[in-house]
file work01.pdb (PDB, C-alpha atoms)
ATOM      1  CA  MET K   1     169.600 -97.562 146.861  1.00  0.00           C
ATOM      2  CA  SER K   2     169.367 -99.255 143.509  1.00  0.00           C
ATOM      3  CA  ASN K   3     166.237-100.438 141.779  1.00  0.00           C
ATOM      4  CA  ARG K   4     168.306-103.306 140.405  1.00  0.00           C
ATOM      5  CA  GLY K   5     168.816-104.517 143.972  1.00  0.00           C
ATOM      6  CA  PHE K   6     165.102-104.436 144.633  1.00  0.00           C
ATOM      7  CA  LEU K   7     164.488-106.359 141.411  1.00  0.00           C
ATOM      8  CA  TRP K   8     166.828-109.109 142.622  1.00  0.00           C
ATOM      9  CA  ILE K   9     165.049-109.103 145.998  1.00  0.00           C
ATOM     10  CA  PHE K  10     161.652-109.388 144.304  1.00  0.00           C
ATOM     11  CA  LEU K  11     162.829-112.288 142.119  1.00  0.00           C
ATOM     12  CA  GLY K  12     164.311-114.034 145.150  1.00  0.00           C
ATOM     13  CA  ALA K  13     161.137-113.567 147.182  1.00  0.00           C
ATOM     14  CA  VAL K  14     159.004-115.062 144.395  1.00  0.00           C
ATOM     15  CA  ALA K  15     161.389-118.032 144.213  1.00  0.00           C
ATOM     16  CA  GLU K  16     161.232-118.335 148.008  1.00  0.00           C
ATOM     17  CA  CYS K  17     157.462-118.518 147.823  1.00  0.00           C
ATOM     18  CA  GLY K  18     157.760-121.252 145.215  1.00  0.00           C
ATOM     19  CA  TRP K  19     160.150-123.403 147.189  1.00  0.00           C
ATOM     20  CA  ALA K  20     158.282-122.961 150.469  1.00  0.00           C
ATOM     21  CA  TYR K  21     155.081-124.008 148.713  1.00  0.00           C
ATOM     22  CA  GLY K  22     156.984-126.845 147.023  1.00  0.00           C
ATOM     23  CA  LEU K  23     158.271-128.186 150.343  1.00  0.00           C
ATOM     24  CA  LYS K  24     154.692-128.544 151.514  1.00  0.00           C
ATOM     25  CA  HIS K  25     153.158-129.976 148.345  1.00  0.00           C
ATOM     26  CA  ALA K  26     155.905-131.768 146.365  1.00  0.00           C
ATOM     27  CA  SER K  27     155.083-135.426 145.833  1.00  0.00           C
ATOM     28  CA  ASN K  28     157.399-136.716 143.088  1.00  0.00           C
ATOM     29  CA  LEU K  29     161.001-136.385 141.982  1.00  0.00           C
ATOM     30  CA  GLY K  30     160.322-133.655 139.411  1.00  0.00           C
ATOM     31  CA  GLU K  31     158.580-131.468 141.975  1.00  0.00           C
ATOM     32  CA  PHE K  32     161.413-131.975 144.473  1.00  0.00           C
ATOM     33  CA  LEU K  33     163.971-131.041 141.805  1.00  0.00           C
ATOM     34  CA  LEU K  34     161.984-127.904 140.949  1.00  0.00           C
ATOM     35  CA  THR K  35     161.854-127.044 144.651  1.00  0.00           C
ATOM     36  CA  THR K  36     165.637-127.475 144.876  1.00  0.00           C
ATOM     37  CA  ALA K  37     166.142-125.206 141.853  1.00  0.00           C
ATOM     38  CA  LEU K  38     163.899-122.553 143.420  1.00  0.00           C
ATOM     39  CA  VAL K  39     165.926-122.675 146.651  1.00  0.00           C
ATOM     40  CA  SER K  40     169.065-121.998 144.630  1.00  0.00           C
ATOM     41  CA  ILE K  41     167.443-119.165 142.652  1.00  0.00           C
ATOM     42  CA  SER K  42     166.154-117.610 145.850  1.00  0.00           C
ATOM     43  CA  PHE K  43     169.515-117.497 147.597  1.00  0.00           C
ATOM     44  CA  VAL K  44     171.513-116.486 144.521  1.00  0.00           C
ATOM     45  CA  SER K  45     169.059-113.620 143.934  1.00  0.00           C
ATOM     46  CA  PHE K  46     169.455-112.497 147.533  1.00  0.00           C
ATOM     47  CA  MET K  47     173.254-112.557 147.249  1.00  0.00           C
ATOM     48  CA  LYS K  48     173.138-110.549 144.004  1.00  0.00           C
ATOM     49  CA  ALA K  49     170.924-107.948 145.694  1.00  0.00           C
ATOM     50  CA  LEU K  50     173.601-107.433 148.338  1.00  0.00           C
ATOM     51  CA  LYS K  51     175.815-105.845 145.669  1.00  0.00           C
ATOM     52  CA  TYR K  52     173.319-102.980 145.355  1.00  0.00           C
ATOM     53  CA  LEU K  53     171.652-102.672 148.779  1.00  0.00           C
ATOM     54  CA  PRO K  54     172.731-102.659 152.425  1.00  0.00           C
ATOM     55  CA  VAL K  55     172.333-105.983 154.226  1.00  0.00           C
ATOM     56  CA  SER K  56     169.742-104.664 156.686  1.00  0.00           C
ATOM     57  CA  ILE K  57     167.428-103.351 153.960  1.00  0.00           C
ATOM     58  CA  SER K  58     167.972-106.401 151.747  1.00  0.00           C
ATOM     59  CA  TYR K  59     167.118-108.858 154.493  1.00  0.00           C
ATOM     60  CA  ALA K  60     164.050-106.967 155.723  1.00  0.00           C
ATOM     61  CA  VAL K  61     162.619-106.578 152.225  1.00  0.00           C
ATOM     62  CA  PHE K  62     163.460-110.182 151.243  1.00  0.00           C
ATOM     63  CA  VAL K  63     161.812-111.664 154.323  1.00  0.00           C
ATOM     64  CA  GLY K  64     158.846-109.273 154.154  1.00  0.00           C
ATOM     65  CA  PHE K  65     158.027-109.961 150.517  1.00  0.00           C
ATOM     66  CA  GLY K  66     158.731-113.682 150.899  1.00  0.00           C
ATOM     67  CA  THR K  67     156.351-113.913 153.845  1.00  0.00           C
ATOM     68  CA  ALA K  68     153.657-111.923 152.075  1.00  0.00           C
ATOM     69  CA  PHE K  69     153.909-114.008 148.903  1.00  0.00           C
ATOM     70  CA  ILE K  70     153.765-117.289 150.838  1.00  0.00           C
ATOM     71  CA  VAL K  71     150.681-116.211 152.794  1.00  0.00           C
ATOM     72  CA  ILE K  72     148.971-114.984 149.612  1.00  0.00           C
ATOM     73  CA  ALA K  73     149.756-118.287 147.867  1.00  0.00           C
ATOM     74  CA  GLU K  74     148.273-120.217 150.792  1.00  0.00           C
ATOM     75  CA  ILE K  75     145.143-118.038 150.812  1.00  0.00           C
ATOM     76  CA  VAL K  76     144.632-118.596 147.073  1.00  0.00           C
ATOM     77  CA  SER K  77     145.354-122.316 147.415  1.00  0.00           C
ATOM     78  CA  ASP K  78     142.856-122.724 150.276  1.00  0.00           C
ATOM     79  CA  TYR K  79     140.194-120.807 148.353  1.00  0.00           C
ATOM     80  CA  VAL K  80     140.667-122.782 145.133  1.00  0.00           C
ATOM     81  CA  ALA K  81     140.909-126.179 146.861  1.00  0.00           C
ATOM     82  CA  SER K  82     138.099-125.878 149.389  1.00  0.00           C
ATOM     83  CA  GLY K  83     136.372-122.520 148.952  1.00  0.00           C
ATOM     84  CA  ILE K  84     137.641-121.147 152.276  1.00  0.00           C
ATOM     85  CA  MET K  85     137.299-117.368 152.232  1.00  0.00           C
ATOM     86  CA  PRO K  86     140.337-115.376 153.375  1.00  0.00           C
ATOM     87  CA  ASN K  87     140.342-113.840 156.821  1.00  0.00           C
ATOM     88  CA  PHE K  88     140.227-110.052 156.423  1.00  0.00           C
ATOM     89  CA  ILE K  89     142.332-109.426 159.523  1.00  0.00           C
ATOM     90  CA  ARG K  90     145.037-111.614 157.983  1.00  0.00           C
ATOM     91  CA  LEU K  91     144.792-109.625 154.735  1.00  0.00           C
ATOM     92  CA  PHE K  92     145.047-106.372 156.689  1.00  0.00           C
ATOM     93  CA  PHE K  93     148.290-107.434 158.351  1.00  0.00           C
ATOM     94  CA  ILE K  94     149.770-108.670 155.071  1.00  0.00           C
ATOM     95  CA  ALA K  95     148.938-105.270 153.525  1.00  0.00           C
ATOM     96  CA  THR K  96     150.584-103.575 156.516  1.00  0.00           C
ATOM     97  CA  LEU K  97     153.681-105.737 156.053  1.00  0.00           C
ATOM     98  CA  ILE K  98     153.913-104.859 152.359  1.00  0.00           C
ATOM     99  CA  LEU K  99     153.483-101.140 153.087  1.00  0.00           C
ATOM    100  CA  GLY K 100     156.278-101.326 155.665  1.00  0.00           C
ATOM    101  CA  VAL K 101     158.583-103.055 153.211  1.00  0.00           C
ATOM    102  CA  LEU K 102     157.784-100.505 150.502  1.00  0.00           C
ATOM    103  CA  GLY K 103     158.402 -97.768 153.071  1.00  0.00           C
ATOM    104  CA  LEU K 104     161.952 -99.078 153.490  1.00  0.00           C
ATOM    105  CA  LYS K 105     162.510 -98.488 149.788  1.00  0.00           C
ATOM    106  CA  GLY K 106     161.408 -94.898 150.170  1.00  0.00           C
ATOM    107  CA  ILE K 107     163.868 -94.136 152.953  1.00  0.00           C
ATOM    108  CA  LYS K 108     166.799 -92.061 151.769  1.00  0.00           C
ATOM    109  CA  GLU K 109     170.201 -92.579 153.339  1.00  0.00           C
TER
END
call {"tool": "encode", "arguments": {"input": "work01.pdb", "output": "structure tokens"}}
result
Amino acid sequence: MSNRGFLWIFLGAVAECGWAYGLKHASNLGEFLLTTALVSISFVSFMKALKYLPVSISYAVFVGFGTAFIVIAEIVSDYVASGIMPNFIRLFFIATLILGVLGLKGIKE
């Protein structure tokens, strides 16, 4: 498995977080255009990763990191906007998800 593939996955997952957050909070044309660009970056990054990694690993890592990043962004957003403290059980499961995704990287074929 190639580190270059995981780099593309990471970039795509960050872009996925951005467009998912943008879908919820975009309120003008510029924000919608940025959201559209992030959707494109996300999917192109995922397709580029498929050149270096098997589909099963790529998809699991992409979805895992994307989910973790989106939840972390929401936790930070809620804390900054209204001072809501994060739920530690939620943080525990996000950490478990990230460890599982990183474990996939460590698996040798």
call {"tool": "resolve_selection", "arguments": {"input": "work01.pdb", "expression": "the PyMOL selection byres ((chain K and resi 38-44) around 12)", "output": "ChimeraX atom specification"}}
result
/K:8-23,31-37,45-51,58-59,62-63,66
call {"tool": "residues_around", "arguments": {"input": "work01.pdb", "residues": "stretch 100-103 of chain K", "least_positions_apart": "3", "cutoff": "9 Å", "atoms": "all atoms listed in the file", "output": "list in words"}}
result
Ile57, Ala60, Val61, Phe62, Gly64, Phe65, Ala95, Thr96, Leu97, Gly106 and Ile107 of chain K
call {"tool": "residues_around", "arguments": {"input": "work01.pdb", "residues": "K:Asn87", "least_positions_apart": "6", "cutoff": "12 Å", "atoms": "all atoms listed in the file", "output": "JSON, numbers by chain"}}
result
{"K": [71, 72, 74, 75, 76, 78, 79, 93, 94]}
call {"tool": "atom_distance", "arguments": {"input": "work01.pdb", "atom1": "atom CA of K:Leu104", "atom2": "atom CA of K:Phe92"}}
result
18.7 Å
call {"tool": "atom_distance", "arguments": {"input": "work01.pdb", "atom1": "atom CA of K:Arg4", "atom2": "atom CA of K:Tyr52"}}
result
7.1 Å
call {"tool": "atom_distance", "arguments": {"input": "work01.pdb", "atom1": "atom CA of K:Leu91", "atom2": "atom CA of K:His25"}}
result
22.9 Å
call {"tool": "build_atoms", "arguments": {"input": "work01.pdb", "residues": "stretch 9-35 of chain K", "atoms": "N, CA and C atoms", "output": "PDB file, in the coordinates of the input"}}
result
ATOM      1  N   ILE K   9     165.784-108.714 144.789  1.00  0.00           N
ATOM      2  CA  ILE K   9     165.049-109.103 145.998  1.00  0.00           C
ATOM      3  C   ILE K   9     163.675-109.652 145.620  1.00  0.00           C
ATOM      4  N   PHE K  10     162.986-108.962 144.724  1.00  0.00           N
ATOM      5  CA  PHE K  10     161.652-109.388 144.304  1.00  0.00           C
ATOM      6  C   PHE K  10     161.717-110.776 143.660  1.00  0.00           C
ATOM      7  N   LEU K  11     162.666-110.991 142.766  1.00  0.00           N
ATOM      8  CA  LEU K  11     162.829-112.288 142.119  1.00  0.00           C
ATOM      9  C   LEU K  11     163.117-113.372 143.157  1.00  0.00           C
ATOM     10  N   GLY K  12     163.991-113.076 144.094  1.00  0.00           N
ATOM     11  CA  GLY K  12     164.311-114.034 145.150  1.00  0.00           C
ATOM     12  C   GLY K  12     163.118-114.351 146.034  1.00  0.00           C
ATOM     13  N   ALA K  13     162.314-113.350 146.334  1.00  0.00           N
ATOM     14  CA  ALA K  13     161.137-113.567 147.182  1.00  0.00           C
ATOM     15  C   ALA K  13     160.094-114.422 146.464  1.00  0.00           C
ATOM     16  N   VAL K  14     159.927-114.221 145.166  1.00  0.00           N
ATOM     17  CA  VAL K  14     159.004-115.062 144.395  1.00  0.00           C
ATOM     18  C   VAL K  14     159.511-116.504 144.390  1.00  0.00           C
ATOM     19  N   ALA K  15     160.816-116.685 144.183  1.00  0.00           N
ATOM     20  CA  ALA K  15     161.389-118.032 144.213  1.00  0.00           C
ATOM     21  C   ALA K  15     161.247-118.651 145.600  1.00  0.00           C
ATOM     22  N   GLU K  16     161.400-117.836 146.640  1.00  0.00           N
ATOM     23  CA  GLU K  16     161.232-118.335 148.008  1.00  0.00           C
ATOM     24  C   GLU K  16     159.811-118.830 148.231  1.00  0.00           C
ATOM     25  N   CYS K  17     158.853-118.094 147.727  1.00  0.00           N
ATOM     26  CA  CYS K  17     157.462-118.518 147.823  1.00  0.00           C
ATOM     27  C   CYS K  17     157.278-119.866 147.130  1.00  0.00           C
ATOM     28  N   GLY K  18     157.884-119.998 145.960  1.00  0.00           N
ATOM     29  CA  GLY K  18     157.760-121.252 145.215  1.00  0.00           C
ATOM     30  C   GLY K  18     158.365-122.431 145.944  1.00  0.00           C
ATOM     31  N   TRP K  19     159.555-122.242 146.527  1.00  0.00           N
ATOM     32  CA  TRP K  19     160.150-123.403 147.189  1.00  0.00           C
ATOM     33  C   TRP K  19     159.481-123.707 148.526  1.00  0.00           C
ATOM     34  N   ALA K  20     158.996-122.693 149.218  1.00  0.00           N
ATOM     35  CA  ALA K  20     158.282-122.961 150.469  1.00  0.00           C
ATOM     36  C   ALA K  20     156.983-123.715 150.182  1.00  0.00           C
ATOM     37  N   TYR K  21     156.302-123.315 149.126  1.00  0.00           N
ATOM     38  CA  TYR K  21     155.081-124.008 148.713  1.00  0.00           C
ATOM     39  C   TYR K  21     155.428-125.418 148.232  1.00  0.00           C
ATOM     40  N   GLY K  22     156.557-125.544 147.515  1.00  0.00           N
ATOM     41  CA  GLY K  22     156.984-126.845 147.023  1.00  0.00           C
ATOM     42  C   GLY K  22     157.341-127.807 148.144  1.00  0.00           C
ATOM     43  N   LEU K  23     157.949-127.312 149.217  1.00  0.00           N
ATOM     44  CA  LEU K  23     158.271-128.186 150.343  1.00  0.00           C
ATOM     45  C   LEU K  23     157.013-128.801 150.950  1.00  0.00           C
ATOM     46  N   LYS K  24     155.939-128.058 150.922  1.00  0.00           N
ATOM     47  CA  LYS K  24     154.692-128.544 151.514  1.00  0.00           C
ATOM     48  C   LYS K  24     153.954-129.503 150.580  1.00  0.00           C
ATOM     49  N   HIS K  25     154.022-129.250 149.269  1.00  0.00           N
ATOM     50  CA  HIS K  25     153.158-129.976 148.345  1.00  0.00           C
ATOM     51  C   HIS K  25     153.867-130.896 147.365  1.00  0.00           C
ATOM     52  N   ALA K  26     155.193-130.918 147.321  1.00  0.00           N
ATOM     53  CA  ALA K  26     155.905-131.768 146.365  1.00  0.00           C
ATOM     54  C   ALA K  26     155.660-133.241 146.675  1.00  0.00           C
ATOM     55  N   SER K  27     155.401-134.010 145.612  1.00  0.00           N
ATOM     56  CA  SER K  27     155.083-135.426 145.833  1.00  0.00           C
ATOM     57  C   SER K  27     155.831-136.368 144.893  1.00  0.00           C
ATOM     58  N   ASN K  28     156.617-135.840 143.964  1.00  0.00           N
ATOM     59  CA  ASN K  28     157.399-136.716 143.088  1.00  0.00           C
ATOM     60  C   ASN K  28     158.768-136.091 142.846  1.00  0.00           C
ATOM     61  N   LEU K  29     159.626-136.823 142.166  1.00  0.00           N
ATOM     62  CA  LEU K  29     161.001-136.385 141.982  1.00  0.00           C
ATOM     63  C   LEU K  29     161.096-135.064 141.220  1.00  0.00           C
ATOM     64  N   GLY K  30     160.293-134.893 140.188  1.00  0.00           N
ATOM     65  CA  GLY K  30     160.322-133.655 139.411  1.00  0.00           C
ATOM     66  C   GLY K  30     159.973-132.436 140.252  1.00  0.00           C
ATOM     67  N   GLU K  31     158.976-132.581 141.110  1.00  0.00           N
ATOM     68  CA  GLU K  31     158.580-131.468 141.975  1.00  0.00           C
ATOM     69  C   GLU K  31     159.661-131.164 143.008  1.00  0.00           C
ATOM     70  N   PHE K  32     160.320-132.205 143.527  1.00  0.00           N
ATOM     71  CA  PHE K  32     161.413-131.975 144.473  1.00  0.00           C
ATOM     72  C   PHE K  32     162.607-131.310 143.793  1.00  0.00           C
ATOM     73  N   LEU K  33     162.883-131.685 142.545  1.00  0.00           N
ATOM     74  CA  LEU K  33     163.971-131.041 141.805  1.00  0.00           C
ATOM     75  C   LEU K  33     163.645-129.578 141.515  1.00  0.00           C
ATOM     76  N   LEU K  34     162.401-129.297 141.168  1.00  0.00           N
ATOM     77  CA  LEU K  34     161.984-127.904 140.949  1.00  0.00           C
ATOM     78  C   LEU K  34     162.112-127.099 142.239  1.00  0.00           C
ATOM     79  N   THR K  35     161.726-127.700 143.353  1.00  0.00           N
ATOM     80  CA  THR K  35     161.854-127.044 144.651  1.00  0.00           C
ATOM     81  C   THR K  35     163.325-126.738 144.949  1.00  0.00           C
TER      82      THR K  35
END
